[in-house]
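Q: I'd like to ask you about the structure that follows.
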Amino acid sequence: MSSMFGASVQRVEDDRLLRGHGAYLDDLGGDALAVAFARSPHAHARITDIDVSAALDVPGLVAIYTYEDLPPKLAEPLPLLIPHPSLTHGRTPYPLARTEVNHVGEPVAMVVATDRYLAEDAADLIDISYEPLPPVVGLGNARQADHLVHEDVPGNVAANAVQKHGDTAAEIAAAPHVLEIDLEIERSASTPLEGRGVLASWDPHAKRLRLWTSTQTSTGVRAAVAAKLGLDLADVDVITPDVGGGFGVKIVHPWPEEVLVPWAARLLGQPVKFTEDRREHFIASAHERAQQHHVTVGFDDEGRILGLDVRFWHDNGAYVPYGLIVPIVTSTQLLGPYKARAYRVEFDSLYTNTVLVTPYRGAGRPHGCFVMERTIDAIAAALHLDRTVVRERNFIQPDEMPYDQGLIFQDGRPLIYDSGDYPALLAKLKELVGWDEFAAAKDAAAAQGRRLGIGLACYVEGTGVGPYEGGHVVVETSGKVKVATGLTSQGQGHQTVLAQLVADELGVRLEDVEVVTGDTRRFGYAVGTFASRTAVMSGSAVTLAARKAKEKAIRVAADALEVSPADLVIADGIVQVKGDPDSGIALGTVAVLSNPLRYAFDEAAKAATQFAGGDISRPPVAPDDEPGIEGRAYFSPVRSTFAAGMHAAIVETDPDTAEVKILRYCVVHDCGRLINPQIVEGQIHGGVAQGVGGALYERMAYDESGQLQNASFMDFLMPYVSEVPQRIEIDHLETPSPLNPLGIKGAGEAGVIPGAAVLAAAIEDAEQILIRSMPISPSDLFELRRAHGQEEALS
Amino acid sequence: MHAPADRVWAALNDPAVLVASIPGCERLERAGPDSYRFVISAGVASMQGTYSGDIKLSDQQEPSSFVLTASGAGGPGTVSTSVQIRLIAGPDGTTELSYDADAVVGGMIASVGQRMLVSVGKRLATDFFSSVDDVLSGNGALAGAPATVGEGAPELGTDGTDPVVYLPPARPASAQGQAFGRGVLVGAAAALAGVAVGSLLGRKAR
């Protein structure tokens with residue numbers, strides 16, 4: 001292809017964002033009324049009374065809403081976005097609690113005031129009486145089910161699902177070796193720097209709603225809000241401004257605030273805004289990750305997996321608005337690049353009185369990867385084989401592609417890997433990290449009293465999930481190209497990457513292409529930004545749209561130049577005869593000519609007016625044609641495309657303090673053809689940072705009564721730049737996908753997936769102590785050492 | 001109430017007491033037997049305004065019960081209410097007063113949330129009845145002179161005997177400062193009634 005594809009073009013977003021010219025949700029609507037919420041301080045309680053009288057003395061108070069105020073559609077539970085046959089007991093919250101609260105932070109009353117300070121003052125003065133109920137906190141209590149989160153959900157089980165291929169029980173029974181392993185992952189959360197936020201403005205004359213929200217899906221919010229407020233889609237604009245990170249939490253919609261704020265704006269006839277604060281983000285948005293797993297694996301003398309049985313328990317929090325996506329992804333993506341002769345996975349998705357759980361970057365894959373990679377390492381240890389050898393022996397081979405894992409993926413389609421070369425990836429990783437030379441380095445360090453360890457982990461990631469995205473490309477008479485796609489951006493660099501694709505396809509300069517995302521006024525059909533899908537979905541769609549615009553431009557130019565369309569190309573924004581750069585006509589002029597005019601608005605436009613010539617025997621716009629140089633196209637793949645990668649890390653553990661230091665972190669990565677290597681590497685860097693956080697620092701410290709004790713950035717440990725490896729070494733393999741016109745695969749989540757798995761493996765190698773639970777803090781490791789020492793003393 | 005039922009009854013049916021006790025009431029004007037036009041200046045934050053309308057007393061069962069109906073309108077919206085008031089003799093010369101109110105609100109007022117409306121209504125009703133009680137127990141602005149009114153002599157009717165316009169006494173500055181306690185959005189009817197807004201009303205108002 002041509003020049004832009006594959007180039008590490010500087011991000012076009014950065015000049016604006018780095019100079020502080022971004023416009024995030026809270027930068028908008030300075031004159032809007034402000035909203036604050038009175039939220040439940042209890043994990044589980046019945047509401048017995050709400051007395052707002054003390055709040056009435058707060059000046060600037062405008063309104064206080066509770067459940068009773070909600071009109072019928074808003075008074076229903078919020079939608080269960082992704083239903084699934086196994087989700088037999090799906091429960092979603094009301095926008096404002098009705099009679100019961102099920103987690104600390106659940107909104108009970110909504111206050112509108114002239115500013116946020118006053119709104120919070122009034123919210124604090126609302127006296128809500130509760131009758132506390134026994135809280136269910138943690139998977140242990142949820143499984144035990146002495147108490148129930150929802151009275152009508154027996155055993156706290158929202159869903160039980162089984163997937164399998166082959167006869168796992170028989171394979172395990174017949175296997176020469178069998179291991180059973182228990183593995184656990186703790187809670188963490190997306191924690192974008194910008195929390196959620198929504199601003200709504202109602203036009204009482206046009207009876208139209210305009211909504212700005214910090215979301216990963218403008219069209220999803222529009223559909224939900226329109227349904228809840230009884231409006232047609234055409235009467236609701238949803239605009240996603242600059243977004244300071246999403247990482248999954250903002251794909252959930254509608255959040256209670258996203259329907260309540262526009263409802264209040266319409267009711268009060270004034271703009272209304274809600275901006276989430278940090279504590280609210282911790283206790284009233286969403287978390288992820290907590291799962292317990294029990295693995296039974298049967299394997300042969302070479303370490304080949306014969307039967308793999310995984311039983312796991314997923315903590316879905318108080319409600320399941322996003323369905324079963326996380327545990328489904330774990331149960332399917334757990335297999336990674338490996339083929340098990342037989343596989344059976346069964347999970348329970350369980351309610352707890354904690355913040356609800358929805359996808360967070362990686363979305364179930366980090367857990368699956370952790371389980372599979374720990375299992376492979378256990379097999380290697382049992383057979384005294386090198387860990388890379390066991391992996392090689394279980395890999396799906398390139399000539400087996402496309403490979404059907406015999407399961408159903410999160411998009412409801414068969415889990416069929418489209419392409420990939422796992423042996424080549426492993427060879428690259430061993431080379432990059434120096435796997436074969438590490439033993440000597442480890443021994444040399446040990447001689448100095450230092451403990452070093454190496455680990456690796458492999459994953460496969462389904463990306464570019466359907467159903468579709470679309471793109472629109474229009475050439476302005478100035479020659480500038482305006483591109484719109486419906487999904488949203490949270491800082492990934494979509495404006496750059498999509499502009500690269502359009503510039504290439506259309507033959508214009510990158511700086512002449514301007515991309516708008518997440519604005520329903522510009523593009524109304526879209527799904528959203530999740531599952532590493534933007535490049536695959538919208539990238540393909542805008543490419544196809546640009547192709548249509550290009551065909552039209554060449555047709556119009558061929559007519560004007562009286563040459564054959566086949567002889568024309570577009571380069572640098574000039575439609576020209578092949579091999580004759582001076583023959584051309586500027587694309588902007590072609591745009592003028594494509595739109596027959598009665599009125600000349602400038603010099604250039606004269607050429608398109610009615611006395612300027614042309615064939616007077618034909619209508620100015622042919623029956624099968626339309627004015628303008630535009631293209632609109634949609635891309636809808638048959639199923640997801642599967643990226644892959646492998647990480648290796650070398651760590652050093654402190655013999656005294658049990659601190660873990662990452663000495664090297666290596667990534668080999670295959671997301672098909674790279675549009676912009678720098679942006680892909682940036683995605684990997686950010687993902688690795690989140691992976692390190694999830695492995696070593698982050699946890700949600702709930703106490704037994706369901707209070708989140710670390711709901712602030714003072715107490716919740718996130719890795720700073722000082723905790724992330726100074727250098728992340730990256731190598732790429734490019735195995736094109738056959739499922740889209742660009743041959744690309746998603747890259748957004750790759751960096752985070754193997755974090756817990758690879759660091760657990762490296763720490764285990766350094767310490768020679770089994771690591772079965774992540775994250776691991778120095779205290780945890782210290783305790784493991786002590787327990788391990790006692791075991792050794794006993795034996 | 002710290003007075004026997006017949007005195008309470010008389011006070012609640014005395015426009016001079018009403019004009020002095022209704023929070024935010026600027027003026028009551030006799031419009032017929034047991035019927036008045038009112039002007040009440042009340043409000044909170046973005047919903048301040050002046051309300052005017054009519055009050056009517058009916059179904060009098062002296063000294064035990066009567067019905068007060070009122071409807072008013074102002075910039076922020078409309079309120080209409082019907083209040084059943086009951087008086088039962090209590091110990092030591094006191095009277096137990098109970099009331100049961102329904103109200104329908106419209107306009108901006110209907111947008112502020114029903115718990116807020118109810119709270120405002122209850123607070124205004126409490127203010128109203130305690131002002132009346134103050135008058136009855138001799139602590140109020142009308143102590144000793146419940147039948148005469150206001151800063152000056154009441155305006156006289158055309159027959160020269162019956163005052164038709166009632167103005168409130170000058171209020172102490174401190175009371176004026178209690179913005180919410182004295183004059184709140186729901187205005188006239190809620191003030192008189194202590195609105196018990198049902199959930200149905202909350203929906204209807206929309």
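In the structure tokens, chains take letters A, B, ... by order of appearance, with residues numbered from 1 within each chain and ligands from 1 in the order shown.
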Please determine the contact residues of chain A with respect to chain B at a cut-off of 7 Å, counting only C-alpha atoms, and supply them as a compact mmCIF listing (two decimals) with C-alpha atoms, in the first residue's frame.

A:
# COMPACT_ATOMS: atom_id res chain seq x y z
CA VAL A 52 -35.10 16.03 52.98
CA SER A 53 -36.28 18.79 55.31
CA ASP A 57 -32.18 25.55 54.06
CA PRO A 59 -29.37 28.32 49.38
CA GLY A 60 -29.33 27.58 45.68
CA LEU A 61 -31.20 24.32 46.09
CA VAL A 62 -33.36 23.67 43.05
CA ALA A 63 -34.70 20.15 43.32
CA ILE A 64 -34.36 16.86 45.15
CA TYR A 65 -35.44 13.68 43.42
CA GLU A 68 -40.99 8.13 43.66
CA ASP A 69 -40.40 11.07 41.33
CA PRO A 71 -41.78 8.58 35.47
CA LEU A 267 -38.08 18.89 33.64
CA LEU A 268 -36.35 22.03 34.86

Q: Name the residues in contact with region 46-50 of chain A at a cut-off of 10 Å, using only C-alpha atoms, excluding same-chain residues fewer than 2 positions from it; report them as number ranges by chain.

A: A: 40, 42, 44, 52-53, 66, 97-102, 108-109, 126-133; B: 115

Q: Please produce an output containing N, CA and C atoms for each residue in the selection, written as a tab-separated table (two decimals), in the first residue's frame.

A:
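Written file, selection05.tsv:
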chain	number	residue	atom	x	y	z
A	40	SER	N	-25.81	5.45	49.15
A	40	SER	CA	-25.91	4.55	50.30
A	40	SER	C	-24.58	4.40	51.01
A	42	HIS	N	-24.40	2.01	53.20
A	42	HIS	CA	-24.48	0.60	53.58
A	42	HIS	C	-24.32	-0.30	52.36
A	44	HIS	N	-25.73	-3.23	52.19
A	44	HIS	CA	-26.99	-3.94	51.98
A	44	HIS	C	-27.97	-3.42	53.02
A	52	VAL	N	-35.92	15.02	53.63
A	52	VAL	CA	-35.10	16.03	52.98
A	52	VAL	C	-35.21	17.38	53.67
A	53	SER	N	-35.95	17.47	54.78
A	53	SER	CA	-36.28	18.79	55.31
A	53	SER	C	-35.04	19.59	55.69
A	66	THR	N	-36.17	11.59	44.31
A	66	THR	CA	-35.99	10.22	44.80
A	66	THR	C	-36.79	9.30	43.88
A	97	ALA	N	-32.33	4.22	44.01
A	97	ALA	CA	-32.74	3.03	44.75
A	97	ALA	C	-34.22	3.11	45.10
A	98	ARG	N	-34.91	1.99	44.99
A	98	ARG	CA	-36.34	1.98	45.27
A	98	ARG	C	-36.59	1.68	46.75
A	99	THR	N	-36.37	0.43	47.14
A	99	THR	CA	-36.60	0.09	48.54
A	99	THR	C	-35.35	-0.50	49.18
A	100	GLU	N	-34.37	-0.88	48.34
A	100	GLU	CA	-33.22	-1.60	48.88
A	100	GLU	C	-31.95	-1.09	48.21
A	101	VAL	N	-30.87	-1.04	48.96
A	101	VAL	CA	-29.57	-0.72	48.38
A	101	VAL	C	-28.70	-1.97	48.47
A	102	ASN	N	-27.88	-2.18	47.45
A	102	ASN	CA	-27.09	-3.40	47.39
A	102	ASN	C	-25.60	-3.19	47.32
A	108	VAL	N	-29.30	7.13	45.95
A	108	VAL	CA	-30.63	7.09	46.56
A	108	VAL	C	-31.41	8.37	46.27
A	109	ALA	N	-30.75	9.51	46.37
A	109	ALA	CA	-31.43	10.77	46.09
A	109	ALA	C	-30.53	11.65	45.23
A	126	ILE	N	-29.56	15.39	53.53
A	126	ILE	CA	-30.71	14.49	53.37
A	126	ILE	C	-30.55	13.34	54.35
A	127	ASP	N	-31.60	13.12	55.13
A	127	ASP	CA	-31.53	12.11	56.19
A	127	ASP	C	-32.22	10.85	55.69
A	128	ILE	N	-31.43	9.86	55.35
A	128	ILE	CA	-32.00	8.61	54.84
A	128	ILE	C	-31.88	7.56	55.94
A	129	SER	N	-33.01	6.97	56.30
A	129	SER	CA	-33.00	5.94	57.34
A	129	SER	C	-32.92	4.57	56.67
A	130	TYR	N	-32.05	3.75	57.22
A	130	TYR	CA	-31.85	2.42	56.65
A	130	TYR	C	-32.06	1.36	57.73
A	131	GLU	N	-32.51	0.20	57.27
A	131	GLU	CA	-32.50	-0.97	58.12
A	131	GLU	C	-31.46	-1.90	57.52
A	132	PRO	N	-30.29	-1.98	58.13
A	132	PRO	CA	-29.21	-2.76	57.52
A	132	PRO	C	-29.57	-4.24	57.39
A	133	LEU	N	-29.13	-4.84	56.31
A	133	LEU	CA	-29.31	-6.27	56.07
A	133	LEU	C	-27.92	-6.90	56.03
B	115	ARG	N	-40.54	14.82	47.47
B	115	ARG	CA	-40.13	14.87	48.88
B	115	ARG	C	-39.80	16.29	49.30

Q: Leaving out region 650-661 of chain A and any residue of its chain fewer than 4 positions from it, which residues lie within 7 Å of it when counting only C-alpha atoms, given as a ChimeraX atom specification?

A: /A:451-455,665,762-763,766,778,781-782

Q: For the residues selected in the previous step, produce a file with N, CA and C atoms as a compact mmCIF listing (two decimals), in the first residue's frame.

A:
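Done, and the output landed in again.txt:
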# COMPACT_ATOMS: atom_id res chain seq x y z
N ARG A 451 18.32 -12.51 44.32
CA ARG A 451 17.34 -13.48 43.81
C ARG A 451 16.72 -12.96 42.53
N LEU A 452 17.00 -13.62 41.43
CA LEU A 452 16.41 -13.25 40.15
C LEU A 452 15.48 -14.36 39.69
N GLY A 453 14.46 -13.98 38.94
CA GLY A 453 13.56 -14.98 38.38
C GLY A 453 13.07 -14.52 37.02
N ILE A 454 12.74 -15.49 36.17
CA ILE A 454 12.21 -15.17 34.84
C ILE A 454 10.87 -15.87 34.66
N GLY A 455 9.98 -15.21 33.96
CA GLY A 455 8.70 -15.84 33.66
C GLY A 455 8.24 -15.45 32.28
N TYR A 665 11.33 -6.17 30.94
CA TYR A 665 9.98 -6.55 30.54
C TYR A 665 9.95 -6.57 29.02
N ALA A 762 7.58 -15.15 37.16
CA ALA A 762 8.94 -14.68 37.43
C ALA A 762 9.23 -14.69 38.94
N ILE A 763 8.22 -14.29 39.74
CA ILE A 763 8.41 -14.30 41.20
C ILE A 763 8.56 -15.74 41.69
N ALA A 766 11.98 -16.85 41.00
CA ALA A 766 12.97 -16.24 41.90
C ALA A 766 12.92 -16.85 43.29
N PRO A 778 4.45 -6.97 48.78
CA PRO A 778 5.59 -7.44 49.56
C PRO A 778 5.14 -8.18 50.83
N LEU A 781 4.09 -11.66 49.88
CA LEU A 781 5.24 -12.51 49.57
C LEU A 781 5.97 -12.88 50.86
N PHE A 782 6.06 -11.91 51.75
CA PHE A 782 6.70 -12.17 53.04
C PHE A 782 5.98 -13.30 53.78

Q: Would you mind listing what lies within 12 Å of Ser58 (chain B) as a PyMOL selection string, with only C-alpha atoms counted and same-chain residues fewer than 5 positions away left out?

A: chain B and resi 13+33-35+65-70+82-85

Q: I'd like the contact shell of Leu179 (chain A) - 12 Å cut-off, only C-alpha atoms, skipping same-chain residues fewer than 4 positions apart - returned as number ranges by chain.

A: A: 172-173, 175, 294-300, 303, 305-310, 374-383

Q: Output N, CA and C atoms of each residue in that selection to a file, as a short mmCIF file (atom, residue, chain, number, x, y, z; two decimals), in the first residue's frame.

A:
data_model
loop_
_atom_site.label_atom_id
_atom_site.label_comp_id
_atom_site.auth_asym_id
_atom_site.auth_seq_id
_atom_site.Cartn_x
_atom_site.Cartn_y
_atom_site.Cartn_z
N ILE A 172 -8.97 -36.95 31.29
CA ILE A 172 -8.24 -36.79 32.55
C ILE A 172 -8.08 -38.14 33.26
N ALA A 173 -9.14 -38.94 33.22
CA ALA A 173 -9.09 -40.26 33.88
C ALA A 173 -7.99 -41.12 33.26
N ALA A 175 -5.28 -39.95 31.68
CA ALA A 175 -4.00 -39.25 31.51
C ALA A 175 -2.93 -39.83 32.44
N HIS A 294 -10.65 -23.37 39.94
CA HIS A 294 -10.11 -24.69 40.28
C HIS A 294 -9.83 -25.43 38.98
N VAL A 295 -8.58 -25.80 38.78
CA VAL A 295 -8.15 -26.43 37.53
C VAL A 295 -7.82 -27.90 37.79
N THR A 296 -8.32 -28.75 36.92
CA THR A 296 -7.87 -30.14 36.90
C THR A 296 -7.34 -30.41 35.50
N VAL A 297 -6.07 -30.80 35.42
CA VAL A 297 -5.47 -30.99 34.09
C VAL A 297 -4.80 -32.35 34.02
N GLY A 298 -5.11 -33.05 32.95
CA GLY A 298 -4.44 -34.32 32.67
C GLY A 298 -3.51 -34.15 31.48
N PHE A 299 -2.26 -34.70 31.58
CA PHE A 299 -1.29 -34.49 30.50
C PHE A 299 -0.40 -35.70 30.36
N ASP A 300 0.26 -35.75 29.19
CA ASP A 300 1.10 -36.92 28.93
C ASP A 300 2.55 -36.65 29.36
N GLY A 303 4.13 -33.48 28.30
CA GLY A 303 3.52 -32.22 28.75
C GLY A 303 2.37 -31.78 27.89
N ILE A 305 -1.35 -31.35 26.85
CA ILE A 305 -2.59 -31.34 27.63
C ILE A 305 -3.62 -32.25 26.97
N LEU A 306 -4.10 -33.23 27.74
CA LEU A 306 -5.09 -34.17 27.21
C LEU A 306 -6.49 -33.72 27.60
N GLY A 307 -6.63 -33.43 28.86
CA GLY A 307 -7.94 -32.96 29.32
C GLY A 307 -7.75 -31.79 30.27
N LEU A 308 -8.51 -30.73 30.06
CA LEU A 308 -8.41 -29.54 30.93
C LEU A 308 -9.80 -29.21 31.43
N ASP A 309 -9.96 -29.27 32.73
CA ASP A 309 -11.25 -28.93 33.33
C ASP A 309 -11.07 -27.71 34.23
N VAL A 310 -11.82 -26.67 33.95
CA VAL A 310 -11.72 -25.45 34.74
C VAL A 310 -13.09 -25.12 35.31
N ARG A 374 -0.26 -20.44 34.51
CA ARG A 374 0.15 -21.06 35.77
C ARG A 374 0.06 -22.59 35.65
N THR A 375 -0.98 -23.03 34.94
CA THR A 375 -1.17 -24.47 34.74
C THR A 375 -0.01 -25.05 33.91
N ILE A 376 0.33 -24.34 32.84
CA ILE A 376 1.44 -24.84 31.99
C ILE A 376 2.74 -24.86 32.79
N ASP A 377 2.97 -23.82 33.58
CA ASP A 377 4.19 -23.81 34.40
C ASP A 377 4.18 -24.97 35.39
N ALA A 378 3.00 -25.29 35.91
CA ALA A 378 2.90 -26.41 36.86
C ALA A 378 3.21 -27.73 36.16
N ILE A 379 2.74 -27.85 34.92
CA ILE A 379 3.04 -29.07 34.15
C ILE A 379 4.55 -29.18 33.92
N ALA A 380 5.15 -28.04 33.55
CA ALA A 380 6.60 -28.03 33.30
C ALA A 380 7.36 -28.44 34.55
N ALA A 381 6.92 -27.90 35.68
CA ALA A 381 7.60 -28.22 36.94
C ALA A 381 7.44 -29.70 37.27
N ALA A 382 6.23 -30.22 37.05
CA ALA A 382 5.97 -31.62 37.38
C ALA A 382 6.82 -32.56 36.53
N LEU A 383 7.06 -32.17 35.29
CA LEU A 383 7.80 -33.05 34.38
C LEU A 383 9.27 -32.65 34.27
#

Q: Can you tell me, as a PDB file with N, CA and C atoms, in the first residue's frame, what residues are no more than 9 Å from Asp26 (chain A) when counting only C-alpha atoms, ignoring any on the same chain fewer than 2 positions away?

A:
ATOM      1  N   ALA A  23     -11.098  19.545  25.564  1.00  0.00           N
ATOM      2  CA  ALA A  23     -12.362  19.948  26.198  1.00  0.00           C
ATOM      3  C   ALA A  23     -13.030  18.684  26.717  1.00  0.00           C
ATOM      4  N   TYR A  24     -12.842  18.443  28.003  1.00  0.00           N
ATOM      5  CA  TYR A  24     -13.434  17.276  28.639  1.00  0.00           C
ATOM      6  C   TYR A  24     -14.805  17.669  29.188  1.00  0.00           C
ATOM      7  N   LEU A  28     -17.172  21.728  29.980  1.00  0.00           N
ATOM      8  CA  LEU A  28     -18.360  22.211  29.278  1.00  0.00           C
ATOM      9  C   LEU A  28     -19.439  22.598  30.304  1.00  0.00           C
ATOM     10  N   GLY A  29     -20.409  23.358  29.835  1.00  0.00           N
ATOM     11  CA  GLY A  29     -21.598  23.605  30.660  1.00  0.00           C
ATOM     12  C   GLY A  29     -21.320  24.347  31.949  1.00  0.00           C
ATOM     13  N   GLY A  30     -20.514  25.395  31.884  1.00  0.00           N
ATOM     14  CA  GLY A  30     -20.191  26.162  33.086  1.00  0.00           C
ATOM     15  C   GLY A  30     -21.409  26.799  33.735  1.00  0.00           C
ATOM     16  N   GLY A 197     -19.136  11.527  33.489  1.00  0.00           N
ATOM     17  CA  GLY A 197     -19.745  12.846  33.571  1.00  0.00           C
ATOM     18  C   GLY A 197     -20.752  13.002  32.459  1.00  0.00           C
ATOM     19  N   VAL A 198     -21.781  13.815  32.718  1.00  0.00           N
ATOM     20  CA  VAL A 198     -22.823  13.995  31.701  1.00  0.00           C
ATOM     21  C   VAL A 198     -23.417  15.392  31.839  1.00  0.00           C
ATOM     22  N   LEU A 199     -23.657  15.998  30.697  1.00  0.00           N
ATOM     23  CA  LEU A 199     -24.255  17.330  30.622  1.00  0.00           C
ATOM     24  C   LEU A 199     -25.413  17.256  29.638  1.00  0.00           C
ATOM     25  N   LYS A 273     -25.764  19.350  34.815  1.00  0.00           N
ATOM     26  CA  LYS A 273     -24.500  18.619  34.652  1.00  0.00           C
ATOM     27  C   LYS A 273     -24.174  17.798  35.884  1.00  0.00           C
ATOM     28  N   PHE A 274     -23.615  16.616  35.628  1.00  0.00           N
ATOM     29  CA  PHE A 274     -23.058  15.793  36.706  1.00  0.00           C
ATOM     30  C   PHE A 274     -21.619  15.438  36.351  1.00  0.00           C
ATOM     31  N   THR A 275     -20.721  15.671  37.278  1.00  0.00           N
ATOM     32  CA  THR A 275     -19.334  15.248  37.110  1.00  0.00           C
ATOM     33  C   THR A 275     -18.968  14.354  38.280  1.00  0.00           C
TER      34      THR A 275
END

Q: Just list as a ChimeraX atom specification whatever in region 245-300 of chain A DSSP marks as strand (DSSP E or B).

A: /A:272-275,287-288,291-299

Q: Set the distance at 9 Å and use only C-alpha atoms: which residues neighbour Met372 (chain A) once local chain neighbours fewer than 6 positions away are removed? I'd like the list as a ChimeraX atom specification.

A: /A:295,334-336,457-458,757

Q: Between CA of Val460 (chain A) and CA of Ser737 (chain A), what is the distance in Å, rounded to a tenth?

A: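 So the answer is 13.6 Å.
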
Q: Quick one: pull the distance between CA of Pro72 (chain A) and CA of Tyr94 (chain A), Å, one decimal.

A: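 According to the coordinates, CA of Pro72 (chain A) and CA of Tyr94 (chain A) are separated by 11.6 Å.
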